[in-house]
Amino acid sequence: MMVRIAVVQTNPIFGEVKKNIQNALDLMETAKADLYVLPELFNTGYNFVEQSEAKALAEPADGLTFKTLNEWAKKHVCHIVYGFVEHADYIYNSSALVDHSGLIGVYRKVHLFYSENLYFAPGNLGFPVFDLPIGKVGMMVCFDWLYPESARSLALKGAQLIAHPSNLVLPYCPDGMVTRALENKIFTATADRVGEENRGSIDLKFIGTSEIVAPNGKILCRLGTSESAIGVVDIDLSFADKKQINEYNHLLNGRRTDQYSL
Ligand code: ACM
């Protein structure tokens with residue numbers, strides 16, 4: 001079954017939640033897809049200067065952002081993955097998966113990057129995989145990519161696609177995700193943002209370069225470094241089920257867990 005996956009590359013303005021959501025929806029209106037992946041913290045912006053800011057912009061998983069995207073998903077019959085600040089027992093850097101029927105699941109970023117450690121609690125939900133009509137989808141958020149255990153955990157649980165909301169500031173991830181896709185024979189959809197956030201003591205410039213990568217490591221679409229844009233590809237997610245490399249090598253069964261010290 002062919003499905004259309006979209007990476008939505010936006011330029012959020014810090015704190016302008018309604019405007020940031022609307023800008024993302026305007027972009028999504030330009031290209032029909034079965035699953036849209038939006039950036040990390042796409043509704044709030046990223047560069048917090050104190051914890052109270054993150055708390056003030058946090059929402060429960062069923063908050064305003066969810067309600068708005070759920071309404072849009074009802075109209076367009078699609079799935080949406082997006083990053084947001086989650087207000088739960090603690091404040092988390094989370095991503096949610098929604099469709100027309102409601103909230104399907106939440107992932108809380110496990111590997112917090114740099115000053116995120118001051119504002120968020122580390123994720124505690126593991127790496128869940130959701131069995132959707134379009135295929136099996138798991139999530140990770142930005143810096144999680146640098147820990148191969150994140151993508152491997154999702155692959156071992158049967159994910160066919162990793163939806164990867166991101167706010168990248170270093171140049172390594174887009175090429176790195178080619179390896180994550182190849183070493184797990186899995187599709188990846190990294191949705192990054194563009195623009196700058198010069199606040200507090202640190203200026204950040206985000207690198208864009210959102211991309212969708214196939215299980216053979218082929219980059220199916222890659223966006224630019226400075227413009228808001230949407231990239232779509234039509235793919236058959238069942239290709240990610242083919243873990244046999246040749247007659248002797250099965251990617252996952254060939255792991256030598258007795259020889260690793262993890
Ligand atoms: C990052 O994890 N946002 C770099």
# chains A, B, ... in the order shown; residues from 1 in each chain; ligands from 1

call {"tool": "closest_atom_pairs", "arguments": {"of": "chain A", "to": "ligand 1", "cutoff": "6 Å", "atoms": "only C-alpha atoms and all ligand atoms", "output": "CSV"}}
result
residue,atom,partner,partner_atom_place_in_ligand_line,distance
A:Phe113,CA,ligand 1,2 (O),4.8
A:Cys142,CA,ligand 1,2 (O),4.3
A:Phe143,CA,ligand 1,2 (O),3.7
A:Ser166,CA,ligand 1,3 (N),5.8
A:Asn167,CA,ligand 1,3 (N),4.3
A:Leu168,CA,ligand 1,4 (C),4.7
A:Val169,CA,ligand 1,4 (C),5.8

call {"tool": "residues_around", "arguments": {"residues": "Val137 in chain A", "least_positions_apart": "6", "cutoff": "9 Å", "atoms": "only C-alpha atoms", "output": "PyMOL selection string"}}
result
chain A and resi 128-131+154+158-163

call {"tool": "residues_around", "arguments": {"residues": "Asp99 in chain A", "least_positions_apart": "2", "cutoff": "12 Å", "atoms": "only C-alpha atoms", "output": "ChimeraX atom specification"}}
result
/A:34-36,66-82,96-97,101-105,132-134

call {"tool": "residues_around", "arguments": {"residues": "range 47-56 of chain A", "least_positions_apart": "4", "cutoff": "12 Å", "atoms": "only C-alpha atoms", "output": "PyMOL selection string"}}
result
chain A and resi 12-15+17+40-43+60+84-93+113-121+167-169+195-206

call {"tool": "residues_around", "arguments": {"residues": "range 234-244 of chain A", "least_positions_apart": "6", "cutoff": "10 Å", "atoms": "only C-alpha atoms", "output": "PyMOL selection string"}}
result
chain A and resi 1-6+33-34+134-137+155+158-161+181+184-187+214-216+220+250-254

call {"tool": "select_by_dssp", "arguments": {"residues": "range 9-239 of chain A", "states": "strand (DSSP E)", "output": "ChimeraX atom specification"}}
result
/A:9,35-37,79-87,91-99,102-108,129-132,135-139,161-165,187-191,196-199,202-205,211-213,219-222,229-236

call {"tool": "atom_distance", "arguments": {"atom1": "CA of Leu38 in chain A", "atom2": "CA of Pro165 in chain A"}}
result
5.8 Å

call {"tool": "residues_around", "arguments": {"residues": "Val110 in chain A", "least_positions_apart": "6", "cutoff": "8 Å", "atoms": "only C-alpha atoms", "output": "PyMOL selection string"}}
result
chain A and resi 122-124+126+144

call {"tool": "select_by_dssp", "arguments": {"residues": "range 122-199 of chain A", "states": "alpha helix (DSSP H)", "output": "mmCIF file with N, CA, C and O atoms, in the first residue's frame"}}
result
data_model
loop_
_atom_site.group_PDB
_atom_site.id
_atom_site.type_symbol
_atom_site.label_atom_id
_atom_site.label_comp_id
_atom_site.auth_asym_id
_atom_site.auth_seq_id
_atom_site.Cartn_x
_atom_site.Cartn_y
_atom_site.Cartn_z
ATOM 1 N N PRO A 148 22.128 5.506 18.934
ATOM 2 C CA PRO A 148 21.547 4.530 17.997
ATOM 3 C C PRO A 148 20.557 3.603 18.670
ATOM 4 O O PRO A 148 19.715 2.997 17.999
ATOM 5 N N GLU A 149 20.617 3.530 19.990
ATOM 6 C CA GLU A 149 19.664 2.684 20.724
ATOM 7 C C GLU A 149 18.217 3.157 20.510
ATOM 8 O O GLU A 149 17.277 2.353 20.608
ATOM 9 N N SER A 150 18.026 4.456 20.260
ATOM 10 C CA SER A 150 16.658 4.983 20.082
ATOM 11 C C SER A 150 16.022 4.353 18.844
ATOM 12 O O SER A 150 14.945 3.743 18.922
ATOM 13 N N ALA A 151 16.687 4.515 17.706
ATOM 14 C CA ALA A 151 16.142 3.965 16.461
ATOM 15 C C ALA A 151 16.106 2.442 16.516
ATOM 16 O O ALA A 151 15.165 1.815 16.022
ATOM 17 N N ARG A 152 17.115 1.830 17.125
ATOM 18 C CA ARG A 152 17.151 0.362 17.210
ATOM 19 C C ARG A 152 15.981 -0.144 18.038
ATOM 20 O O ARG A 152 15.350 -1.153 17.692
ATOM 21 N N SER A 153 15.680 0.554 19.151
ATOM 22 C CA SER A 153 14.541 0.132 19.986
ATOM 23 C C SER A 153 13.267 0.132 19.163
ATOM 24 O O SER A 153 12.449 -0.796 19.255
ATOM 25 N N LEU A 154 13.090 1.179 18.355
ATOM 26 C CA LEU A 154 11.879 1.269 17.529
ATOM 27 C C LEU A 154 11.861 0.165 16.478
ATOM 28 O O LEU A 154 10.824 -0.461 16.238
ATOM 29 N N ALA A 155 13.019 -0.096 15.862
ATOM 30 C CA ALA A 155 13.079 -1.154 14.841
ATOM 31 C C ALA A 155 12.781 -2.521 15.459
ATOM 32 O O ALA A 155 12.043 -3.325 14.878
ATOM 33 N N LEU A 156 13.330 -2.764 16.635
ATOM 34 C CA LEU A 156 13.104 -4.072 17.281
ATOM 35 C C LEU A 156 11.633 -4.255 17.661
ATOM 36 O O LEU A 156 11.141 -5.379 17.756
ATOM 37 N N CYS A 173 23.150 15.690 11.891
ATOM 38 C CA CYS A 173 22.006 14.774 11.877
ATOM 39 C C CYS A 173 21.526 14.363 10.481
ATOM 40 O O CYS A 173 21.288 13.167 10.258
ATOM 41 N N PRO A 174 21.367 15.304 9.534
ATOM 42 C CA PRO A 174 20.793 14.872 8.248
ATOM 43 C C PRO A 174 21.572 13.728 7.602
ATOM 44 O O PRO A 174 20.980 12.755 7.132
ATOM 45 N N ASP A 175 22.901 13.809 7.589
ATOM 46 C CA ASP A 175 23.677 12.684 7.049
ATOM 47 C C ASP A 175 23.632 11.497 8.010
ATOM 48 O O ASP A 175 23.603 10.340 7.570
ATOM 49 N N GLY A 176 23.608 11.773 9.314
ATOM 50 C CA GLY A 176 23.564 10.688 10.305
ATOM 51 C C GLY A 176 22.316 9.831 10.181
ATOM 52 O O GLY A 176 22.354 8.615 10.397
ATOM 53 N N MET A 177 21.214 10.463 9.795
ATOM 54 C CA MET A 177 19.963 9.699 9.690
ATOM 55 C C MET A 177 19.993 8.696 8.553
ATOM 56 O O MET A 177 19.236 7.725 8.546
ATOM 57 N N VAL A 178 20.874 8.916 7.571
ATOM 58 C CA VAL A 178 21.034 7.926 6.504
ATOM 59 C C VAL A 178 21.515 6.611 7.127
ATOM 60 O O VAL A 178 21.033 5.521 6.785
ATOM 61 N N THR A 179 22.437 6.711 8.066
ATOM 62 C CA THR A 179 22.935 5.508 8.744
ATOM 63 C C THR A 179 21.853 4.907 9.641
ATOM 64 O O THR A 179 21.674 3.683 9.669
ATOM 65 N N ARG A 180 21.133 5.755 10.377
ATOM 66 C CA ARG A 180 20.050 5.234 11.235
ATOM 67 C C ARG A 180 19.053 4.434 10.391
ATOM 68 O O ARG A 180 18.570 3.374 10.794
ATOM 69 N N ALA A 181 18.710 4.955 9.188
ATOM 70 C CA ALA A 181 17.754 4.259 8.315
ATOM 71 C C ALA A 181 18.347 2.941 7.826
ATOM 72 O O ALA A 181 17.711 1.892 7.884
ATOM 73 N N LEU A 182 19.595 3.011 7.370
ATOM 74 C CA LEU A 182 20.252 1.843 6.777
ATOM 75 C C LEU A 182 20.500 0.751 7.809
ATOM 76 O O LEU A 182 20.268 -0.436 7.544
ATOM 77 N N GLU A 183 20.975 1.118 8.993
ATOM 78 C CA GLU A 183 21.351 0.093 9.971
ATOM 79 C C GLU A 183 20.120 -0.554 10.619
ATOM 80 O O GLU A 183 20.262 -1.541 11.332
ATOM 81 N N ASN A 184 18.942 0.039 10.381
ATOM 82 C CA ASN A 184 17.705 -0.555 10.894
ATOM 83 C C ASN A 184 16.756 -0.965 9.773
ATOM 84 O O ASN A 184 15.670 -1.460 10.055
#

call {"tool": "closest_residue", "arguments": {"among": "A:Pro39, A:Gly138, A:Gly83, A:Gly63", "to": "Glu211 in chain A", "atoms": "only C-alpha atoms"}}
result
A:Pro39

call {"tool": "atom_distance", "arguments": {"atom1": "CA of Leu146 in chain A", "atom2": "CA of His111 in chain A"}}
result
8.9 Å
